[in-house]
$ cat protein.tsv   # TSV, C-alpha atoms
chain	number	residue	atom	x	y	z
A	1	MET	CA	12.29	25.13	136.50
A	2	ILE	CA	9.99	22.13	136.58
A	3	GLN	CA	7.72	24.10	134.25
A	4	LYS	CA	10.60	24.61	131.81
A	5	LEU	CA	11.36	20.89	131.90
A	6	ILE	CA	7.74	20.07	131.13
A	7	SER	CA	7.64	22.67	128.37
A	8	ASN	CA	10.82	21.28	126.79
A	9	ILE	CA	9.45	17.74	126.92
A	10	GLN	CA	6.21	18.83	125.26
A	11	LYS	CA	8.10	20.81	122.60
A	12	THR	CA	10.42	17.95	121.66
A	13	ASN	CA	7.92	15.15	122.31
A	14	ALA	CA	10.88	13.25	123.73
A	15	PRO	CA	11.07	12.64	127.50
A	16	ILE	CA	14.80	12.04	127.20
A	17	VAL	CA	17.78	13.31	129.13
A	18	VAL	CA	21.23	12.72	127.65
A	19	GLY	CA	23.79	11.76	130.27
A	20	LEU	CA	26.97	13.67	129.50
A	21	ASP	CA	29.21	11.19	131.31
A	22	PRO	CA	32.41	11.28	129.25
A	23	MET	CA	35.22	8.79	129.68
A	24	LEU	CA	38.43	9.22	127.71
A	25	SER	CA	37.83	5.79	126.21
A	26	TYR	CA	34.64	7.17	124.61
A	27	ILE	CA	36.32	10.19	123.05
A	28	PRO	CA	37.46	9.64	119.44
A	29	GLU	CA	41.18	9.74	118.79
A	30	HIS	CA	41.04	12.84	116.60
A	31	ILE	CA	39.49	14.85	119.45
A	32	GLN	CA	42.09	13.64	121.92
A	33	LYS	CA	45.01	14.27	119.55
A	34	LYS	CA	43.95	17.84	118.93
A	35	ALA	CA	43.54	18.55	122.65
A	36	TYR	CA	46.91	16.98	123.52
A	37	ALA	CA	48.64	18.89	120.73
A	38	GLU	CA	47.51	22.11	122.36
A	39	PHE	CA	47.78	21.26	126.06
A	40	GLY	CA	49.91	18.11	126.19
A	41	GLU	CA	48.94	14.81	127.78
A	42	THR	CA	47.91	16.65	130.92
A	43	LEU	CA	44.79	17.07	133.01
A	44	GLU	CA	44.14	20.25	131.07
A	45	GLY	CA	44.46	18.34	127.81
A	46	ALA	CA	42.03	15.67	129.01
A	47	ALA	CA	39.55	18.31	130.13
A	48	GLU	CA	39.77	20.06	126.76
A	49	ALA	CA	39.04	16.76	125.00
A	50	VAL	CA	36.01	16.23	127.24
A	51	TRP	CA	34.72	19.72	126.54
A	52	GLN	CA	35.07	19.43	122.76
A	53	TYR	CA	33.43	16.00	122.84
A	54	ASN	CA	30.49	17.30	124.86
A	55	LYS	CA	30.10	20.36	122.67
A	56	GLU	CA	29.76	18.34	119.48
A	57	ILE	CA	27.23	15.95	121.02
A	58	VAL	CA	25.16	18.89	122.28
A	59	ASP	CA	25.38	20.65	118.91
A	60	CYS	CA	24.05	17.51	117.21
A	61	THR	CA	21.21	16.74	119.64
A	62	TYR	CA	20.01	19.88	121.44
A	63	ASP	CA	16.99	20.39	119.16
A	64	LEU	CA	15.76	16.83	119.84
A	65	ILE	CA	16.01	16.69	123.63
A	66	PRO	CA	14.70	18.63	126.62
A	67	ALA	CA	17.56	18.11	129.05
A	68	VAL	CA	21.07	16.87	129.76
A	69	LYS	CA	22.57	15.27	132.86
A	70	PRO	CA	26.31	15.70	133.31
A	71	GLN	CA	27.69	13.31	135.95
A	72	ILE	CA	30.19	15.36	137.93
A	73	ALA	CA	32.48	12.43	138.84
A	74	MET	CA	33.47	12.06	135.20
A	75	TYR	CA	34.82	15.60	135.40
A	76	GLU	CA	36.19	15.53	138.95
A	77	GLN	CA	38.56	12.73	137.98
A	78	PHE	CA	40.52	15.38	136.07
A	79	GLY	CA	40.69	17.70	139.05
A	80	ILE	CA	40.16	21.45	138.78
A	81	GLU	CA	40.54	21.36	134.99
A	82	GLY	CA	37.78	18.78	134.82
A	83	LEU	CA	35.49	20.94	136.92
A	84	LYS	CA	36.14	23.83	134.56
A	85	ALA	CA	34.99	21.59	131.70
A	86	TYR	CA	31.92	20.67	133.76
A	87	LYS	CA	31.03	24.32	134.26
A	88	LYS	CA	31.61	25.14	130.58
A	89	THR	CA	29.33	22.22	129.68
A	90	VAL	CA	26.59	23.41	132.05
A	91	ASP	CA	26.73	26.96	130.69
A	92	TYR	CA	26.79	25.86	127.05
A	93	CYS	CA	23.79	23.57	127.48
A	94	LYS	CA	21.81	26.34	129.14
A	95	GLU	CA	22.68	28.68	126.26
A	96	LYS	CA	21.15	26.06	123.96
A	97	GLY	CA	17.91	26.15	125.96
A	98	LEU	CA	18.40	22.77	127.62
A	99	VAL	CA	17.49	22.00	131.22
A	100	VAL	CA	20.61	20.88	133.09
A	101	ILE	CA	20.38	18.18	135.75
A	102	GLY	CA	23.60	18.15	137.73
A	103	ASP	CA	24.15	14.51	138.65
A	104	VAL	CA	26.08	15.31	141.83
A	105	LYS	CA	24.38	12.98	144.37
A	106	ARG	CA	25.01	15.29	147.29
A	107	GLY	CA	23.51	15.00	150.76
A	108	ASP	CA	25.06	15.51	154.20
A	109	ILE	CA	24.38	17.12	157.58
A	110	GLY	CA	22.46	20.39	157.45
A	111	SER	CA	25.28	22.93	157.13
A	112	THR	CA	27.12	20.84	154.53
A	113	SER	CA	23.97	20.18	152.53
A	114	ALA	CA	23.29	23.92	152.63
A	115	ALA	CA	26.69	24.56	151.07
A	116	TYR	CA	26.09	21.90	148.42
A	117	ALA	CA	22.66	23.36	147.63
A	118	VAL	CA	24.03	26.89	147.35
A	119	GLY	CA	26.99	25.77	145.24
A	120	HIS	CA	24.96	23.84	142.72
A	121	LEU	CA	21.52	25.45	142.69
A	122	GLY	CA	21.67	28.71	144.60
A	123	LYS	CA	23.86	31.76	145.06
A	124	VAL	CA	26.81	32.21	147.38
A	125	GLN	CA	27.37	35.51	149.21
A	126	VAL	CA	30.76	37.13	148.68
A	127	GLY	CA	30.91	40.42	150.51
A	128	SER	CA	28.15	42.59	149.12
A	129	ARG	CA	27.66	40.44	146.01
A	130	THR	CA	26.17	37.04	145.20
A	131	TYR	CA	27.31	34.51	142.62
A	132	ALA	CA	25.78	31.39	141.10
A	133	ALA	CA	28.70	28.95	141.13
A	134	PHE	CA	27.76	25.88	139.10
A	135	ASP	CA	24.18	27.03	138.45
A	136	GLU	CA	22.52	23.79	137.36
A	137	ASP	CA	18.72	23.68	137.12
A	138	PHE	CA	18.32	20.44	139.08
A	139	ALA	CA	20.63	18.34	141.23
A	140	THR	CA	20.49	14.71	142.31
A	141	VAL	CA	20.44	14.22	146.08
A	142	ASN	CA	21.13	11.26	148.38
A	143	PRO	CA	18.49	11.04	151.16
A	144	TYR	CA	20.45	8.70	153.47
A	145	LEU	CA	20.86	11.39	156.17
A	146	GLY	CA	17.13	12.07	156.26
A	147	THR	CA	15.38	15.43	156.41
A	148	ASP	CA	18.50	17.19	157.75
A	149	GLY	CA	20.20	16.54	154.43
A	150	ILE	CA	17.17	17.39	152.27
A	151	LYS	CA	15.75	20.53	153.87
A	152	PRO	CA	18.59	22.87	152.77
A	153	PHE	CA	17.97	21.81	149.18
A	154	LEU	CA	14.22	22.44	149.59
A	155	ASP	CA	14.96	25.94	150.88
A	156	VAL	CA	17.10	26.76	147.86
A	157	CYS	CA	14.59	25.17	145.47
A	158	ARG	CA	11.89	27.49	146.78
A	159	GLN	CA	14.14	30.53	146.56
A	160	GLU	CA	15.47	29.83	143.09
A	161	LYS	CA	12.54	27.92	141.56
A	162	LYS	CA	14.90	25.03	140.86
A	163	GLY	CA	14.60	21.32	141.60
A	164	ILE	CA	16.09	18.12	142.93
A	165	PHE	CA	15.84	14.42	142.12
A	166	ILE	CA	16.14	12.26	145.24
A	167	LEU	CA	17.57	8.75	144.98
A	168	VAL	CA	14.76	6.31	145.70
A	169	LYS	CA	15.45	3.07	143.81
A	170	THR	CA	18.66	3.11	141.82
A	171	SER	CA	19.36	1.01	138.72
A	172	ASN	CA	22.56	-0.75	139.87
A	173	PRO	CA	22.40	-4.50	140.60
A	174	SER	CA	23.34	-4.28	144.30
A	175	SER	CA	20.89	-1.48	145.13
A	176	GLY	CA	18.64	-3.98	146.88
A	177	GLU	CA	21.22	-4.66	149.61
A	178	PHE	CA	19.81	-1.60	151.38
A	179	GLN	CA	16.95	-0.22	149.31
A	180	ASP	CA	14.87	-3.43	149.29
A	181	GLN	CA	15.14	-4.15	153.01
A	182	LEU	CA	11.78	-4.35	154.75
A	183	ILE	CA	10.80	-1.82	157.39
A	184	ASP	CA	7.43	-2.48	159.03
A	185	GLY	CA	6.59	-4.71	156.09
A	186	LYS	CA	7.55	-2.18	153.40
A	187	PRO	CA	10.77	-1.99	151.40
A	188	LEU	CA	12.94	0.99	152.26
A	189	TYR	CA	12.53	2.49	148.79
A	190	GLU	CA	8.77	2.83	149.38
A	191	LEU	CA	9.42	4.65	152.65
A	192	VAL	CA	11.79	7.02	150.86
A	193	GLY	CA	9.19	7.50	148.12
A	194	GLU	CA	6.61	8.49	150.73
A	195	HIS	CA	9.02	11.09	152.09
A	196	VAL	CA	9.69	12.39	148.58
A	197	ALA	CA	5.95	12.89	148.10
A	198	LYS	CA	5.74	14.72	151.44
A	199	TRP	CA	8.77	16.91	150.75
A	200	GLY	CA	7.39	17.60	147.29
A	201	GLU	CA	4.20	19.10	148.69
A	202	GLU	CA	6.33	21.93	150.09
A	203	CYS	CA	7.68	22.84	146.64
A	204	MET	CA	4.91	22.59	144.08
A	205	GLY	CA	4.90	24.01	140.57
A	206	ASP	CA	1.69	24.30	138.59
A	207	THR	CA	1.09	20.56	138.28
A	208	TYR	CA	4.31	18.85	139.39
A	209	SER	CA	6.65	19.35	142.30
A	210	TYR	CA	10.20	20.70	142.16
A	211	VAL	CA	11.07	17.55	144.11
A	212	GLY	CA	11.51	14.49	141.93
A	213	ALA	CA	12.83	10.98	142.37
A	214	VAL	CA	15.41	8.70	140.77
A	215	VAL	CA	14.00	5.24	139.97
A	216	GLY	CA	15.87	2.82	137.71
A	217	ALA	CA	14.37	1.51	134.47
A	218	THR	CA	15.74	-1.89	135.42
A	219	TYR	CA	13.00	-2.24	138.06
A	220	PRO	CA	9.72	-1.56	136.18
A	221	GLU	CA	7.42	-3.23	138.73
A	222	MET	CA	8.88	-1.13	141.52
A	223	GLY	CA	8.46	1.89	139.29
A	224	LYS	CA	4.77	1.10	138.98
A	225	VAL	CA	4.37	1.14	142.76
A	226	LEU	CA	6.44	4.28	143.22
A	227	ARG	CA	4.52	6.14	140.50
A	228	LYS	CA	1.39	5.76	142.64
A	229	ILE	CA	3.20	6.79	145.82
A	230	MET	CA	4.64	9.94	144.20
A	231	PRO	CA	1.95	11.14	141.75
A	232	LYS	CA	3.18	14.75	141.67
A	233	SER	CA	6.89	14.00	141.41
A	234	PHE	CA	8.78	13.73	138.16
A	235	ILE	CA	10.79	10.51	137.99
A	236	LEU	CA	14.28	10.54	136.53
A	237	VAL	CA	14.76	7.07	135.08
A	238	PRO	CA	18.33	5.82	134.58
A	239	GLY	CA	19.19	2.39	133.24
A	240	TYR	CA	17.81	2.64	129.71
A	241	GLY	CA	19.85	1.09	126.92
A	242	ALA	CA	23.32	0.09	128.06
A	243	GLN	CA	22.03	-1.09	131.47
A	244	GLY	CA	19.25	-3.14	129.88
A	245	GLY	CA	16.14	-0.97	130.18
A	246	LYS	CA	13.79	-0.92	127.17
A	247	GLY	CA	10.93	1.32	126.13
A	248	LYS	CA	8.37	-1.26	127.22
A	249	ASP	CA	9.85	-1.15	130.74
A	250	LEU	CA	9.09	2.55	131.06
A	251	VAL	CA	5.32	2.84	130.66
A	252	HIS	CA	4.57	2.63	134.38
A	253	PHE	CA	6.88	5.52	135.18
A	254	PHE	CA	4.60	7.94	133.31
A	255	ASN	CA	1.28	9.37	134.43
A	256	GLU	CA	-1.86	9.26	132.30
A	257	ASP	CA	-1.07	12.77	131.03
A	258	GLY	CA	2.02	11.35	129.31
A	259	LEU	CA	4.24	13.32	131.67
A	260	GLY	CA	5.87	12.57	135.00
A	261	ALA	CA	9.06	10.88	133.84
A	262	ILE	CA	12.24	11.64	131.96
A	263	VAL	CA	14.48	8.81	130.82
A	264	ASN	CA	18.26	8.97	130.89
A	265	SER	CA	20.67	7.38	128.47
A	266	SER	CA	24.37	8.07	128.80
A	267	ARG	CA	26.87	5.93	126.91
A	268	GLY	CA	24.08	4.53	124.73
A	269	ILE	CA	23.91	8.00	123.18
A	270	ILE	CA	27.25	9.70	123.72
A	271	ALA	CA	29.23	6.63	122.63
A	272	ALA	CA	26.69	5.44	120.07
A	273	TYR	CA	29.29	5.42	117.30
A	274	LYS	CA	30.96	2.47	119.04
A	275	GLN	CA	27.83	0.33	118.64
A	276	GLU	CA	27.41	-1.89	115.60
A	277	LYS	CA	24.08	-0.26	114.83
A	278	TYR	CA	25.71	3.15	114.37
A	279	ALA	CA	29.17	2.09	113.23
A	280	LYS	CA	28.46	3.46	109.74
A	281	PHE	CA	28.91	7.00	111.08
A	282	GLY	CA	32.48	6.34	112.18
A	283	ALA	CA	34.44	8.12	114.89
A	284	GLU	CA	34.74	11.27	112.76
A	285	HIS	CA	30.95	11.70	112.85
A	286	PHE	CA	30.28	10.56	116.41
A	287	GLY	CA	27.88	13.47	116.96
A	288	GLU	CA	25.67	12.31	114.10
A	289	ALA	CA	25.65	8.81	115.58
A	290	SER	CA	24.48	10.31	118.87
A	291	ARG	CA	21.68	12.12	117.06
A	292	ALA	CA	20.54	8.89	115.42
A	293	ALA	CA	20.57	7.14	118.81
A	294	VAL	CA	18.40	9.90	120.31
A	295	GLU	CA	15.92	9.58	117.42
A	296	ASP	CA	15.73	5.80	117.91
A	297	MET	CA	15.28	6.14	121.66
A	298	ALA	CA	12.49	8.70	121.24
A	299	ALA	CA	10.71	6.39	118.80
A	300	ASP	CA	11.08	3.42	121.16
A	301	ILE	CA	9.58	5.33	124.09
A	302	ALA	CA	6.77	6.81	121.98
A	303	GLN	CA	5.80	3.39	120.66
A	304	ALA	CA	5.76	1.95	124.18
A	305	LEU	CA	3.56	4.76	125.50
A	306	GLU	CA	1.16	4.50	122.59
A	307	SER	CA	0.68	0.76	123.11
A	308	ARG	CA	0.06	0.82	126.84
$ encode --input "protein.tsv" --output "structure tokens"
Amino acid sequence: MIQKLISNIQKTNAPIVVGLDPMLSYIPEHIQKKAYAEFGETLEGAAEAVWQYNKEIVDCTYDLIPAVKPQIAMYEQFGIEGLKAYKKTVDYCKEKGLVVIGDVKRGDIGSTSAAYAVGHLGKVQVGSRTYAAFDEDFATVNPYLGTDGIKPFLDVCRQEKKGIFILVKTSNPSSGEFQDQLIDGKPLYELVGEHVAKWGEECMGDTYSYVGAVVGATYPEMGKVLRKIMPKSFILVPGYGAQGGKGKDLVHFFNEDGLGAIVNSSRGIIAAYKQEKYAKFGAEHFGEASRAAVEDMAADIAQALESR
């Protein structure tokens, strides 16, 4: 699947992943009203609004982008109905040829991680048959439990030719409370990066590993260091746009081949119509606003990479 991600990036010339992280406050009133008219102001109604919102954004952007990243918490908040919308979103994006990164941030003791890995990336055995439950292409994984929590994902990645992105240096302001702490003179995130590189050697594609890393755009200097530590790992870069990351902050996340990183923007794209810059589209044409935001983001990144 890492090869498909690379191929999609090369085809679109846009190392962008759209974070499908819907909040009801993002969803235009006409979408919500229609969903509530059919299902009432219920969890099912909310999930229907989320699904229709996602579908229009995907329809307006799928030809410009290589991948999407639905954040499962935004769906779980609506219970089982929300998870149904999550699964419909995953399936629809795959039908459109997009790589789907399930932002699930799983990671636990071995047997539990094995269940998470099977549920999101692999196949579960039911009697004589097997089923792919959520069936994302990649999943985000928390490494806090060490190799016990990572190995089951590596096993499934090898079996299914799928991938993971391991949290190394996250974009949130308080990430340094743990991730920046020194261990034998090195910050913890560097130690995790070294493990990502080692785990990645066990799951190599043609040029890049199935094992990637999450490193926030809000920490470009740390990204520069981690790029060198993990030369064969793709870096998923959150924090662009709404969290303050700019194209110029991203150059060190990429390798000299122009690959090696994919940059996430969530509300900066999916709620673009709420920004002054894209207000001309209006709520009725929120999908077109999202498309314009993707085009601007792609241009910003391309300009930064050309000038490095």
$ closest_atom_pairs --input "protein.tsv" --of "region 149-256 of chain A" --to "region 86-103 of chain A" --cutoff "12 Å" --atoms "only C-alpha atoms" --output "CSV"
residue,atom,partner,partner_atom,distance
A:Lys162,CA,A:Ile101,CA,10.2
A:Gly163,CA,A:Ile101,CA,8.8
A:Ile164,CA,A:Ile101,CA,8.4
A:Phe165,CA,A:Ile101,CA,8.7
A:Ile166,CA,A:Asp103,CA,10.6
A:Leu167,CA,A:Asp103,CA,10.8
A:Gly212,CA,A:Ile101,CA,11.4
A:Val214,CA,A:Asp103,CA,10.7
A:Leu236,CA,A:Ile101,CA,9.8
A:Pro238,CA,A:Asp103,CA,11.2
$ atom_distance --input "protein.tsv" --atom1 "CA of Arg291 (chain A)" --atom2 "CA of Ala271 (chain A)"
10.9 Å
$ closest_residue --input "protein.tsv" --among "A:Tyr53, A:Leu154, A:Asp148, A:Asp63" --to "Glu295 (chain A)" --atoms "only C-alpha atoms"
A:Asp63
$ residues_around --input "protein.tsv" --residues "region 30-33 of chain A" --least-positions-apart "6" --cutoff "8 Å" --atoms "only C-alpha atoms" --output "ChimeraX atom specification"
/A:45-46,49,52-53,284
$ write_last_selection --input "protein.tsv" --atoms "C-alpha atoms" --output "PDB file, in the frame of the given file"
ATOM      1  CA  GLY A  45      44.460  18.340 127.810  1.00  0.00           C
ATOM      2  CA  ALA A  46      42.030  15.670 129.010  1.00  0.00           C
ATOM      3  CA  ALA A  49      39.040  16.760 125.000  1.00  0.00           C
ATOM      4  CA  GLN A  52      35.070  19.430 122.760  1.00  0.00           C
ATOM      5  CA  TYR A  53      33.430  16.000 122.840  1.00  0.00           C
ATOM      6  CA  GLU A 284      34.740  11.270 112.760  1.00  0.00           C
TER       7      GLU A 284
END
$ residues_around --input "protein.tsv" --residues "Arg106 (chain A)" --least-positions-apart "4" --cutoff "8 Å" --atoms "only C-alpha atoms" --output "PyMOL selection string"
chain A and resi 113+116+140-142
$ write_last_selection --input "protein.tsv" --atoms "C-alpha atoms" --output "mmCIF file, keeping the file's coordinate frame"
data_model
loop_
_atom_site.group_PDB
_atom_site.id
_atom_site.type_symbol
_atom_site.label_atom_id
_atom_site.label_comp_id
_atom_site.auth_asym_id
_atom_site.auth_seq_id
_atom_site.Cartn_x
_atom_site.Cartn_y
_atom_site.Cartn_z
ATOM 1 C CA SER A 113 23.970 20.180 152.530
ATOM 2 C CA TYR A 116 26.090 21.900 148.420
ATOM 3 C CA THR A 140 20.490 14.710 142.310
ATOM 4 C CA VAL A 141 20.440 14.220 146.080
ATOM 5 C CA ASN A 142 21.130 11.260 148.380
#
$ closest_residue --input "protein.tsv" --among "A:Ala37, A:Ala67, A:Leu83, A:Ile57" --to "Val17 (chain A)" --atoms "all atoms listed in the file"
A:Ala67
$ closest_residue --input "protein.tsv" --among "A:Cys60, A:Ile72, A:Leu43, A:Met204" --to "Leu20 (chain A)" --atoms "only C-alpha atoms"
A:Ile72
$ closest_residue --input "protein.tsv" --among "A:Pro28, A:Pro231, A:Pro152, A:Pro173" --to "Ala197 (chain A)" --atoms "all atoms listed in the file"
A:Pro231
$ closest_residue --input "protein.tsv" --among "A:Gly79, A:Thr218, A:Gly122, A:Asp296" --to "Ser174 (chain A)" --atoms "only C-alpha atoms"
A:Thr218
$ closest_residue --input "protein.tsv" --among "A:Gln275, A:Asn54, A:Gln303, A:Ser209" --to "Gln3 (chain A)" --atoms "all atoms listed in the file"
A:Ser209
